[in-house]
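Structure file query.tsv; described as TSV, C-alpha atoms and all ligand atoms.
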chain	number	residue	atom	x	y	z
A	887	MET	CA	19.05	5.15	40.43
A	888	ASN	CA	15.70	6.72	41.19
A	889	ILE	CA	13.15	4.89	39.04
A	890	PRO	CA	9.51	5.89	39.68
A	891	ARG	CA	7.53	3.13	41.37
A	892	LYS	CA	5.00	2.91	38.59
A	893	VAL	CA	6.04	2.96	34.96
A	894	ILE	CA	3.58	3.92	32.23
A	895	TYR	CA	5.25	2.32	29.27
A	896	PHE	CA	4.19	3.94	26.00
A	897	ASP	CA	7.41	3.14	24.13
A	898	ASN	CA	6.60	-0.26	22.67
A	899	ASN	CA	8.09	0.50	19.26
A	900	ALA	CA	11.45	0.79	21.03
A	901	THR	CA	11.03	-2.53	22.78
A	902	THR	CA	8.32	-4.52	24.55
A	903	ALA	CA	7.95	-6.34	27.84
A	904	VAL	CA	8.60	-10.06	27.64
A	905	ALA	CA	5.18	-11.72	28.02
A	906	PRO	CA	4.94	-13.85	31.19
A	907	GLU	CA	3.95	-16.88	29.08
A	908	VAL	CA	7.05	-16.32	26.95
A	909	PHE	CA	9.28	-16.19	30.00
A	910	GLU	CA	7.77	-19.42	31.32
A	911	ALA	CA	8.28	-21.14	27.97
A	912	MET	CA	11.93	-20.05	27.95
A	913	ARG	CA	12.76	-20.95	31.55
A	914	PRO	CA	13.57	-24.68	31.06
A	915	PHE	CA	16.07	-23.80	28.33
A	916	LEU	CA	17.92	-21.46	30.66
A	917	THR	CA	18.01	-24.04	33.45
A	918	GLU	CA	17.77	-27.81	33.07
A	919	LEU	CA	17.48	-28.13	29.27
A	920	TYR	CA	20.81	-26.52	28.41
A	921	GLY	CA	21.98	-29.05	25.83
A	922	ASN	CA	23.26	-28.11	22.40
A	923	PRO	CA	20.58	-28.89	19.78
A	924	SER	CA	23.30	-30.12	17.41
A	925	SER	CA	24.52	-32.81	19.86
A	926	ILE	CA	24.15	-36.46	19.01
A	927	HIS	CA	23.11	-37.40	22.57
A	928	LEU	CA	19.47	-37.27	23.50
A	929	PHE	CA	20.00	-34.63	26.20
A	930	GLY	CA	21.07	-32.07	23.61
A	931	GLY	CA	19.21	-33.46	20.64
A	932	GLN	CA	15.81	-33.23	22.33
A	933	VAL	CA	16.19	-29.44	22.35
A	934	ALA	CA	16.15	-29.35	18.54
A	935	ALA	CA	12.49	-30.35	18.49
A	936	HIS	CA	11.62	-27.23	20.47
A	937	ILE	CA	13.36	-25.04	17.91
A	938	GLU	CA	11.23	-26.67	15.23
A	939	THR	CA	8.07	-26.02	17.25
A	940	ALA	CA	9.07	-22.36	17.49
A	941	ARG	CA	9.64	-22.28	13.75
A	942	GLU	CA	6.14	-23.65	13.18
A	943	GLN	CA	4.63	-21.12	15.58
A	944	LEU	CA	6.36	-18.22	13.88
A	945	ALA	CA	5.57	-19.50	10.38
A	946	SER	CA	1.93	-19.75	11.36
A	947	LEU	CA	1.85	-16.09	12.46
A	948	LEU	CA	3.38	-15.09	9.12
A	949	GLY	CA	1.19	-17.34	7.00
A	950	ALA	CA	4.33	-19.07	5.77
A	951	ALA	CA	5.91	-22.55	5.76
A	952	PRO	CA	8.31	-23.44	8.60
A	953	THR	CA	11.09	-24.10	6.08
A	954	GLU	CA	10.85	-20.44	5.05
A	955	VAL	CA	11.88	-19.22	8.52
A	956	ILE	CA	15.53	-18.71	9.53
A	957	PHE	CA	16.25	-17.65	13.11
A	958	THR	CA	18.76	-14.81	13.49
A	959	SER	CA	20.00	-12.57	16.29
A	960	CYS	CA	17.86	-9.49	15.54
A	961	GLY	CA	16.04	-7.44	12.96
A	962	THR	CA	19.22	-5.68	11.90
A	963	GLU	CA	20.94	-8.97	11.09
A	964	SER	CA	17.91	-10.14	9.11
A	965	ASP	CA	17.89	-6.92	7.07
A	966	SER	CA	21.60	-7.24	6.31
A	967	ALA	CA	21.33	-10.95	5.50
A	968	ALA	CA	18.50	-10.43	3.00
A	969	ILE	CA	20.02	-7.47	1.21
A	970	HIS	CA	23.52	-8.95	1.03
A	971	SER	CA	22.16	-12.23	-0.27
A	972	ALA	CA	20.21	-10.49	-3.03
A	973	LEU	CA	23.20	-8.38	-4.07
A	974	ASN	CA	25.66	-11.27	-3.93
A	975	LEU	CA	23.50	-13.61	-5.97
A	976	CYS	CA	22.77	-11.01	-8.61
A	977	PRO	CA	26.26	-9.67	-9.46
A	978	LYS	CA	25.19	-8.25	-12.82
A	979	ARG	CA	22.90	-5.75	-11.08
A	980	ASN	CA	24.39	-2.99	-9.00
A	981	LYS	CA	21.52	-1.11	-7.46
A	982	LEU	CA	19.52	-1.12	-4.23
A	983	VAL	CA	16.26	0.84	-4.00
A	984	ILE	CA	15.01	1.76	-0.52
A	985	SER	CA	12.76	4.44	0.95
A	986	LYS	CA	13.93	7.62	2.64
A	987	VAL	CA	12.17	6.62	5.85
A	988	GLU	CA	13.82	3.23	6.45
A	989	HIS	CA	15.20	2.38	9.86
A	990	PRO	CA	18.97	2.94	10.17
A	991	ALA	CA	19.33	-0.86	9.92
A	992	VAL	CA	18.61	-0.45	6.21
A	993	LEU	CA	19.46	3.21	5.62
A	994	ASN	CA	22.99	2.96	7.01
A	995	LEU	CA	23.51	-0.36	5.28
A	996	GLY	CA	22.64	1.52	2.09
A	997	LYS	CA	25.29	4.15	2.89
A	998	ASP	CA	27.84	1.41	3.52
A	999	LEU	CA	26.98	-0.33	0.27
A	1000	GLU	CA	27.38	2.97	-1.57
A	1001	ARG	CA	30.91	3.27	-0.17
A	1002	ARG	CA	31.50	-0.23	-1.50
A	1003	GLY	CA	30.51	0.77	-5.04
A	1004	TYR	CA	26.80	-0.06	-5.20
A	1005	ARG	CA	24.22	2.48	-6.34
A	1006	VAL	CA	21.50	3.24	-3.82
A	1007	SER	CA	18.31	5.12	-4.73
A	1008	LEU	CA	15.94	6.57	-2.15
A	1009	ILE	CA	12.20	6.71	-2.74
A	1010	PRO	CA	10.80	9.99	-1.34
A	1011	VAL	CA	7.66	10.41	0.76
A	1012	ASP	CA	5.05	13.17	0.96
A	1013	GLY	CA	4.03	15.31	3.94
A	1014	LYS	CA	2.07	12.44	5.47
A	1015	GLY	CA	4.95	10.03	4.97
A	1016	ARG	CA	3.27	8.25	2.05
A	1017	LEU	CA	5.60	6.74	-0.51
A	1018	ASP	CA	5.86	8.39	-3.93
A	1019	MET	CA	4.90	5.34	-5.98
A	1020	GLU	CA	5.45	7.09	-9.31
A	1021	ARG	CA	9.02	7.85	-8.31
A	1022	ALA	CA	9.40	4.27	-7.05
A	1023	ALA	CA	8.39	3.00	-10.49
A	1024	GLU	CA	11.02	5.24	-12.10
A	1025	LEU	CA	13.80	4.25	-9.70
A	1026	ILE	CA	13.27	0.47	-9.90
A	1027	ASP	CA	14.93	-0.52	-13.16
A	1028	ASP	CA	16.82	-3.35	-14.82
A	1029	ASP	CA	19.98	-2.55	-12.82
A	1030	THR	CA	18.11	-3.04	-9.53
A	1031	ALA	CA	19.04	-6.21	-7.66
A	1032	VAL	CA	16.78	-5.65	-4.67
A	1033	VAL	CA	14.11	-3.26	-3.42
A	1034	SER	CA	13.77	-2.90	0.35
A	1035	VAL	CA	10.87	-0.97	1.86
A	1036	MET	CA	9.64	-1.32	5.41
A	1037	TRP	CA	6.16	-2.69	6.09
A	1038	ALA	CA	5.52	-0.25	8.96
A	1039	ASN	CA	7.47	2.80	10.00
A	1040	ASN	CA	8.81	2.76	13.55
A	1041	GLU	CA	8.33	6.52	14.10
A	1042	THR	CA	4.97	7.29	12.53
A	1043	GLY	CA	3.44	3.80	12.31
A	1044	ASN	CA	2.73	4.40	8.61
A	1045	LEU	CA	2.05	1.24	6.61
A	1046	TYR	CA	3.62	0.88	3.17
A	1047	PRO	CA	2.21	-0.88	0.06
A	1048	VAL	CA	4.57	-3.84	0.19
A	1049	ALA	CA	2.47	-6.11	-2.05
A	1050	GLU	CA	2.45	-3.49	-4.80
A	1051	LEU	CA	6.17	-2.82	-4.37
A	1052	ALA	CA	6.97	-6.53	-4.58
A	1053	GLU	CA	5.11	-6.68	-7.91
A	1054	LEU	CA	6.97	-3.63	-9.15
A	1055	ALA	CA	10.33	-5.15	-8.17
A	1056	HIS	CA	9.52	-8.46	-9.88
A	1057	LYS	CA	8.35	-6.73	-13.05
A	1058	ASN	CA	11.91	-5.39	-13.30
A	1059	GLY	CA	13.57	-8.69	-12.41
A	1060	ALA	CA	14.54	-7.52	-8.90
A	1061	LEU	CA	13.92	-9.16	-5.53
A	1062	PHE	CA	11.82	-7.58	-2.80
A	1063	HIS	CA	12.67	-7.38	0.90
A	1064	THR	CA	10.58	-5.80	3.63
A	1065	ASP	CA	11.70	-4.79	7.09
A	1066	ALA	CA	8.59	-5.85	8.97
A	1067	VAL	CA	10.12	-5.44	12.43
A	1068	GLN	CA	7.32	-3.08	13.48
A	1069	ALA	CA	4.53	-4.87	11.64
A	1070	VAL	CA	4.81	-8.50	12.72
A	1071	GLY	CA	2.43	-9.29	15.56
A	1072	LYS	CA	0.65	-5.94	15.18
A	1073	ILE	CA	-1.22	-6.52	11.93
A	1074	PRO	CA	-2.34	-9.82	10.37
A	1075	MET	CA	-0.28	-11.08	7.44
A	1076	ASN	CA	-0.35	-14.03	5.08
A	1077	LEU	CA	2.90	-14.30	3.18
A	1078	ASP	CA	1.73	-17.35	1.23
A	1079	ASP	CA	-0.60	-15.04	-0.67
A	1080	MET	CA	2.05	-12.42	-1.37
A	1081	SER	CA	5.13	-12.29	-3.53
A	1082	ILE	CA	7.49	-10.87	-0.90
A	1083	ASP	CA	10.87	-12.62	-1.20
A	1084	PHE	CA	12.42	-11.65	2.15
A	1085	LEU	CA	10.94	-10.35	5.40
A	1086	SER	CA	12.77	-9.33	8.58
A	1087	LEU	CA	11.38	-9.42	12.09
A	1088	SER	CA	12.64	-8.97	15.62
A	1089	GLY	CA	11.60	-10.75	18.81
A	1090	HIS	CA	11.80	-7.82	21.19
A	1091	LYS	CA	9.11	-5.88	19.34
A	1092	LEU	CA	6.49	-8.55	19.96
A	1093	HIS	CA	6.96	-9.49	23.62
A	1094	ALA	CA	9.82	-11.95	23.10
A	1095	PRO	CA	13.32	-11.14	24.41
A	1096	LYS	CA	16.00	-9.02	22.80
A	1097	GLY	CA	18.71	-10.75	20.79
A	1098	VAL	CA	16.53	-12.96	18.62
A	1099	GLY	CA	14.97	-12.31	15.25
A	1100	ALA	CA	14.09	-14.11	12.06
A	1101	LEU	CA	14.34	-13.83	8.34
A	1102	TYR	CA	11.63	-15.19	6.06
A	1103	VAL	CA	12.94	-16.38	2.70
A	1104	LYS	CA	10.25	-17.39	0.25
A	1105	ARG	CA	10.40	-20.95	-1.03
A	1106	GLY	CA	12.36	-21.06	-4.28
A	1107	VAL	CA	14.23	-17.79	-3.66
A	1108	ARG	CA	17.96	-18.37	-3.65
A	1109	PHE	CA	19.72	-17.40	-0.42
A	1110	ARG	CA	23.39	-17.02	0.43
A	1111	PRO	CA	24.12	-17.10	4.19
A	1112	PHE	CA	25.32	-13.89	5.81
A	1113	ILE	CA	27.02	-15.73	8.69
A	1114	VAL	CA	28.98	-18.75	7.55
A	1115	GLY	CA	30.24	-21.57	9.77
A	1116	GLY	CA	28.37	-24.54	11.23
A	1117	HIS	CA	25.34	-26.27	9.78
A	1118	GLN	CA	22.70	-24.68	11.98
A	1119	GLU	CA	19.46	-23.46	10.40
A	1120	SER	CA	19.94	-25.90	7.50
A	1121	GLY	CA	23.22	-24.19	6.63
A	1122	ARG	CA	21.53	-20.80	6.21
A	1123	ARG	CA	22.68	-19.13	9.44
A	1124	ALA	CA	25.66	-20.52	11.30
A	1125	GLY	CA	26.12	-20.29	15.06
A	1126	THR	CA	24.75	-22.26	17.98
A	1127	GLU	CA	21.09	-21.39	18.33
A	1128	ASN	CA	19.91	-18.99	21.02
A	1129	VAL	CA	17.58	-21.77	22.10
A	1130	ALA	CA	15.70	-20.10	24.96
A	1131	SER	CA	15.08	-16.94	22.96
A	1132	VAL	CA	14.04	-18.86	19.87
A	1133	VAL	CA	11.54	-20.80	21.99
A	1134	GLY	CA	10.40	-17.47	23.45
A	1135	LEU	CA	9.93	-15.97	19.99
A	1136	GLY	CA	7.86	-19.00	19.00
A	1137	LYS	CA	5.65	-18.58	22.05
A	1138	ALA	CA	5.30	-14.82	21.44
A	1139	ALA	CA	4.26	-15.55	17.86
A	1140	GLU	CA	1.70	-18.07	19.06
A	1141	LEU	CA	0.24	-15.51	21.49
A	1142	ALA	CA	0.18	-12.79	18.83
A	1143	ALA	CA	-1.56	-15.07	16.34
A	1144	ALA	CA	-4.20	-16.08	18.87
A	1145	HIS	CA	-5.09	-12.54	19.93
A	1146	ILE	CA	-4.15	-10.26	17.04
A	1147	THR	CA	-7.68	-9.26	16.06
A	1148	GLU	CA	-8.97	-8.26	19.49
A	1149	GLU	CA	-5.65	-6.71	20.45
A	1150	THR	CA	-5.65	-4.52	17.37
A	1151	VAL	CA	-9.07	-3.19	18.35
A	1152	LEU	CA	-8.17	-2.76	22.03
A	1153	VAL	CA	-4.82	-1.05	21.45
A	1154	GLY	CA	-6.34	1.06	18.68
A	1155	LYS	CA	-9.00	2.35	21.09
A	1156	LEU	CA	-6.36	3.36	23.62
A	1157	ARG	CA	-4.23	5.09	20.99
A	1158	ASP	CA	-7.24	6.88	19.49
A	1159	LYS	CA	-8.42	8.17	22.85
A	1160	LEU	CA	-4.92	9.45	23.65
A	1161	GLU	CA	-4.49	11.12	20.28
A	1162	LYS	CA	-7.98	12.60	20.02
A	1163	THR	CA	-7.89	14.10	23.50
A	1164	ILE	CA	-4.44	15.61	22.97
A	1165	LEU	CA	-5.62	17.20	19.72
A	1166	GLU	CA	-8.73	18.56	21.44
A	1167	THR	CA	-7.14	19.89	24.60
A	1168	ILE	CA	-3.66	21.14	23.69
A	1169	PRO	CA	-3.18	23.99	21.19
A	1170	ASN	CA	-0.61	23.88	18.37
A	1171	VAL	CA	-0.27	20.14	18.06
A	1172	ARG	CA	-0.27	18.00	14.91
A	1173	VAL	CA	-0.21	14.30	14.16
A	1174	ASN	CA	2.69	13.25	11.95
A	1175	GLY	CA	1.98	10.42	9.54
A	1176	ASN	CA	-0.97	9.00	7.69
A	1177	PRO	CA	-3.91	8.42	10.06
A	1178	GLU	CA	-5.74	6.47	7.33
A	1179	HIS	CA	-3.10	3.80	7.03
A	1180	ARG	CA	-0.91	3.13	10.02
A	1181	LEU	CA	-0.28	0.71	12.87
A	1182	PRO	CA	-3.01	0.66	15.52
A	1183	ASN	CA	-0.56	1.22	18.39
A	1184	THR	CA	1.41	4.28	17.25
A	1185	THR	CA	0.85	8.01	17.26
A	1186	ASN	CA	3.50	10.60	16.52
A	1187	ILE	CA	2.49	14.04	17.75
A	1188	SER	CA	4.32	17.34	17.39
A	1189	PHE	CA	3.98	19.88	20.17
A	1190	GLU	CA	5.03	22.99	18.34
A	1191	TYR	CA	7.69	25.42	19.60
A	1192	ILE	CA	9.13	23.14	22.31
A	1193	GLU	CA	11.74	20.41	22.43
A	1194	GLY	CA	10.66	16.77	22.43
A	1195	GLU	CA	13.52	15.91	24.81
A	1196	SER	CA	12.28	18.41	27.41
A	1197	ILE	CA	8.79	16.92	27.21
A	1198	LEU	CA	10.22	13.43	27.69
A	1199	MET	CA	12.26	14.51	30.69
A	1200	LEU	CA	9.25	15.99	32.45
A	1201	LEU	CA	7.04	13.01	31.59
A	1202	ASP	CA	9.76	10.74	32.90
A	1203	MET	CA	9.32	12.31	36.34
A	1204	PHE	CA	5.82	10.79	36.38
A	1205	GLY	CA	7.15	7.44	35.18
A	1206	ILE	CA	5.76	8.00	31.67
A	1207	CYS	CA	7.98	6.52	28.96
A	1208	ALA	CA	7.67	7.69	25.36
A	1209	SER	CA	10.14	8.61	22.70
A	1210	SER	CA	11.20	11.58	20.59
A	1211	GLY	CA	12.43	11.61	17.03
A	1212	SER	CA	15.55	13.68	17.49
A	1213	ALA	CA	18.94	12.17	16.99
A	1214	CYS	CA	20.21	13.75	20.20
A	1215	THR	CA	23.04	11.23	20.43
A	1216	THR	CA	24.82	13.25	17.78
A	1217	GLY	CA	24.70	16.26	20.08
A	1218	SER	CA	23.07	18.26	17.29
A	1219	LEU	CA	19.43	17.63	18.23
A	1220	GLU	CA	18.63	17.19	14.57
A	1221	PRO	CA	15.02	16.16	14.00
A	1222	SER	CA	14.59	12.58	12.83
A	1223	HIS	CA	15.33	11.69	9.21
A	1224	VAL	CA	11.76	10.42	8.90
A	1225	LEU	CA	10.18	13.76	9.82
A	1226	ARG	CA	12.72	15.61	7.70
A	1227	ALA	CA	11.88	13.39	4.71
A	1228	MET	CA	8.23	14.31	5.28
A	1229	GLY	CA	9.11	18.01	5.21
A	1230	ILE	CA	7.72	18.65	8.71
A	1231	PRO	CA	8.70	22.23	9.69
A	1232	TYR	CA	11.54	22.51	12.21
A	1233	THR	CA	9.35	24.09	14.88
A	1234	ALA	CA	7.11	21.00	14.78
A	1235	ALA	CA	9.72	18.31	14.09
A	1236	HIS	CA	11.71	19.28	17.19
A	1237	GLY	CA	8.70	18.79	19.42
A	1238	ALA	CA	7.67	15.39	18.07
A	1239	ILE	CA	6.81	12.65	20.55
A	1240	ARG	CA	6.04	9.06	19.66
A	1241	PHE	CA	3.63	7.19	21.89
A	1242	SER	CA	3.55	3.48	21.08
A	1243	LEU	CA	1.22	1.21	23.02
A	1244	SER	CA	0.82	-2.51	23.59
A	1245	ARG	CA	-1.72	-4.98	24.92
A	1246	TYR	CA	-0.35	-4.41	28.41
A	1247	ASN	CA	-1.50	-0.78	28.47
A	1248	THR	CA	-4.81	0.28	29.99
A	1249	MET	CA	-7.33	3.12	29.70
A	1250	GLU	CA	-6.30	4.22	33.22
A	1251	GLU	CA	-2.77	4.73	31.94
A	1252	VAL	CA	-4.05	6.74	28.98
A	1253	ASP	CA	-6.05	8.91	31.39
A	1254	PHE	CA	-2.98	9.38	33.58
A	1255	VAL	CA	-0.93	10.60	30.63
A	1256	LEU	CA	-3.77	12.87	29.55
A	1257	GLU	CA	-3.81	14.38	33.04
A	1258	LYS	CA	-0.05	14.96	33.26
A	1259	LEU	CA	0.73	16.03	29.71
A	1260	PRO	CA	-1.12	19.37	29.30
A	1261	PRO	CA	0.58	21.11	32.28
A	1262	VAL	CA	3.96	19.80	31.07
A	1263	ILE	CA	3.40	21.34	27.64
A	1264	ALA	CA	2.10	24.61	29.15
A	1265	ARG	CA	5.09	24.86	31.47
A	1266	LEU	CA	7.60	24.31	28.67
A	1267	ARG	CA	5.86	26.80	26.40
A	1268	GLU	CA	5.99	29.42	29.14
A	1269	ILE	CA	9.78	29.31	28.97
A	1270	SER	CA	10.07	28.79	25.20
A	1271	PRO	CA	11.30	31.85	23.25
A	1272	TYR	CA	9.87	30.31	20.06
A	1273	TRP	CA	6.42	30.00	21.61
A	1274	LYS	CA	6.55	33.64	22.70
A	1275	LYS	CA	7.68	34.73	19.23
A	1276	SER	CA	4.88	32.69	17.63
A	1277	GLY	CA	2.46	35.03	19.40
A	1301	LIG	N1	13.80	-2.10	11.69
A	1301	LIG	C1	12.87	-1.37	12.34
A	1301	LIG	C2	11.72	-0.79	11.58
A	1301	LIG	C3	12.99	-1.16	13.72
A	1301	LIG	O1	12.08	-0.42	14.35
A	1301	LIG	C4	14.09	-1.73	14.40
A	1301	LIG	C5	14.29	-1.48	15.83
A	1301	LIG	O2	13.86	-0.47	16.37
A	1301	LIG	C6	15.01	-2.49	13.66
A	1301	LIG	C7	14.83	-2.65	12.32
A	1301	LIG	C8	16.19	-3.13	14.33
A	1301	LIG	O3	15.78	-4.28	15.01
A	1301	LIG	P1	16.75	-4.95	16.09
A	1301	LIG	O4	16.76	-4.05	17.26
A	1301	LIG	O5	16.14	-6.28	16.40
A	1301	LIG	O6	18.07	-5.09	15.43
Kindly present the structure from the file in structure tokens form.
Amino acid sequence: MNIPRKVIYFDNNATTAVAPEVFEAMRPFLTELYGNPSSIHLFGGQVAAHIETAREQLASLLGAAPTEVIFTSCGTESDSAAIHSALNLCPKRNKLVISKVEHPAVLNLGKDLERRGYRVSLIPVDGKGRLDMERAAELIDDDTAVVSVMWANNETGNLYPVAELAELAHKNGALFHTDAVQAVGKIPMNLDDMSIDFLSLSGHKLHAPKGVGALYVKRGVRFRPFIVGGHQESGRRAGTENVASVVGLGKAAELAAAHITEETVLVGKLRDKLEKTILETIPNVRVNGNPEHRLPNTTNISFEYIEGESILMLLDMFGICASSGSACTTGSLEPSHVLRAMGIPYTAAHGAIRFSLSRYNTMEEVDFVLEKLPPVIARLREISPYWKKSG
């Protein structure tokens, strides 16, 4: 495989690099400290204390109590665990309310639940991806068991009013879950001060490894385990713990908590320079999303009349990694459901590129992308029949 020597990684909403400190924290648990934390002997048992330290580190990032944190295998599992628990423990209510722009982890779960006889209502968004709160208030009713709306959107970076939605859910006797996979570690949060019942997160979005996540369950909220078996995680999630990754997630949370304020500013500056210069130097581009209220690391930009995939392929030749919104795996090159929900015109939705940055990016990298991108766009437009037709 011919991988360019230098990679400019602007795809951090897809996954992030494991922080060196995280890797170092994990190393002993992949080598000498391989015991099972459930073992009676000291060799295994000593490992359990490290899981508890990780729980404290993660709880501290969330502004929560350690007992409110359950380690899972990923964000998807956490989403499923929360929503199933709410539905199972509230059998008299038959409805799930989610937004149209949820990640497939929630959206496709909704479709599956519908096939199993539940009612699922979708809250629409406007052209900037903002939630229609009036419609949300109509949809959340006394048949609703749980409302699930993401904290931050993975494609646009848009932030959603989760505190307000939690209040709305509770007013109607429903529980509130948020998929915060893209928000945790990127924006400060204090769950103690909020009435969110469940929150999902994923290690690999905040510089911990893939294959570990967590579910926050607020104290006092009833929870039925999604995976049943052994007594791990106080009987709330069975299965021998992924010790090294849990320790890594704890360390990643500690790092995020320590640096979140300055990182938000730093990453925001990089993103803003990238976005502003693209808007100033390339014609027929538009930012998708709500610039007033979004993650500091994300920009979603449409380059009209060309295909996002073609842009990505040419950028890839320079080692630049970004992402497009099209579901090209289906072979149909349909624009993403998020952009479609926002009513972005086809000619723009097809050419949407998401750049998502992290603390490991630099201004030099931004400048490199800004140097390579305009000729790529010009070249593709030269051969685009749509661009020619647009005049
Ligand atoms: N939710 C959101 C908003 C995401 O962006 C992702 C991953 O991209 C997930 C859920 C799924 O997380 P995981 O890959 O840990 O299952």
Given all atoms listed in the file as the counted atoms, nearest of A:Phe929, A:Tyr1191, A:Tyr1246, A:Tyr1046 to ligand LIG 1301 (chain A):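 Closest to ligand LIG 1301 (chain A) of all the choices is A:Tyr1046.
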How would you write, as an MDAnalysis selection string, the set of residues no farther than 8 Å from ligand LIG 1301 (chain A) when counting only C-alpha atoms and all ligand atoms? chainID A and resid 899:901 959:963 965 988:992 1036 1038:1041 1065:1068 1086:1091 1096:1099
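One distance worth recording is that between atom CA of A:Glu1149 and atom CA of A:Pro1074, which is 11.1 Å.
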Could you check how far atom CA of A:Leu1054 sits from atom CA of A:Asp1029, in Å to one decimal?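 Value for the atom CA of A:Leu1054-atom CA of A:Asp1029 distance: 13.6 Å.
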Skipping near chain neighbours, those fewer than 2 positions away, what residues fall within 12 Å of A:Leu916 using all atoms listed in the file, listed as a PyMOL selection string? chain A and resi 909-914+918-922+933+1128-1134
Generate the output file for the selected residues, C-alpha atoms, as an mmCIF file, keeping the file's coordinate frame.
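Final output, result-v5.cif:
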data_model
loop_
_atom_site.group_PDB
_atom_site.id
_atom_site.type_symbol
_atom_site.label_atom_id
_atom_site.label_comp_id
_atom_site.auth_asym_id
_atom_site.auth_seq_id
_atom_site.Cartn_x
_atom_site.Cartn_y
_atom_site.Cartn_z
ATOM 1 C CA PHE A 909 9.280 -16.190 30.000
ATOM 2 C CA GLU A 910 7.770 -19.420 31.320
ATOM 3 C CA ALA A 911 8.280 -21.140 27.970
ATOM 4 C CA MET A 912 11.930 -20.050 27.950
ATOM 5 C CA ARG A 913 12.760 -20.950 31.550
ATOM 6 C CA PRO A 914 13.570 -24.680 31.060
ATOM 7 C CA GLU A 918 17.770 -27.810 33.070
ATOM 8 C CA LEU A 919 17.480 -28.130 29.270
ATOM 9 C CA TYR A 920 20.810 -26.520 28.410
ATOM 10 C CA GLY A 921 21.980 -29.050 25.830
ATOM 11 C CA ASN A 922 23.260 -28.110 22.400
ATOM 12 C CA VAL A 933 16.190 -29.440 22.350
ATOM 13 C CA ASN A 1128 19.910 -18.990 21.020
ATOM 14 C CA VAL A 1129 17.580 -21.770 22.100
ATOM 15 C CA ALA A 1130 15.700 -20.100 24.960
ATOM 16 C CA SER A 1131 15.080 -16.940 22.960
ATOM 17 C CA VAL A 1132 14.040 -18.860 19.870
ATOM 18 C CA VAL A 1133 11.540 -20.800 21.990
ATOM 19 C CA GLY A 1134 10.400 -17.470 23.450
#
Straight-line distance linking atom CA of A:Ser971 with atom CA of A:Arg1110, stated in Å to one decimal: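 Atom CA of A:Arg1110 lies 5.0 Å from atom CA of A:Ser971.
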Tell me which protein, DNA and RNA residues are within 10 Å of A:Arg1226, counting only C-alpha atoms, leaving out same-chain ones fewer than 6 positions away, and put them as a PyMOL selection string. chain A and resi 986-987+1013+1015+1220+1232+1235
Can those selected residues be exported to a file as a CSV table (one decimal), in the coordinates of the input so that it contains C-alpha atoms?
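Wrote it out as part_14.csv, contents follow:
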chain,number,residue,atom,x,y,z
A,986,LYS,CA,13.9,7.6,2.6
A,987,VAL,CA,12.2,6.6,5.8
A,1013,GLY,CA,4.0,15.3,3.9
A,1015,GLY,CA,5.0,10.0,5.0
A,1220,GLU,CA,18.6,17.2,14.6
A,1232,TYR,CA,11.5,22.5,12.2
A,1235,ALA,CA,9.7,18.3,14.1
Using all atoms listed in the file, can you tell me which of A:Arg1122, A:Arg1016, A:Arg1157, A:Arg1002 comes closest to A:Phe1109?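 Closest candidate: A:Arg1122.
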Residue nearest A:Asp1202 among A:Ala903, A:Leu993, A:Val1262, A:His1117 (counting only C-alpha atoms): A:Val1262
Skipping near chain neighbours, those fewer than 3 positions away, what residues fall within 12 Å of stretch 1142-1145 of chain A using all atoms listed in the file, listed as a PyMOL selection string? chain A and resi 905+907-908+942-949+1069-1076+1089+1091-1094+1135-1139+1148-1153+1244-1245
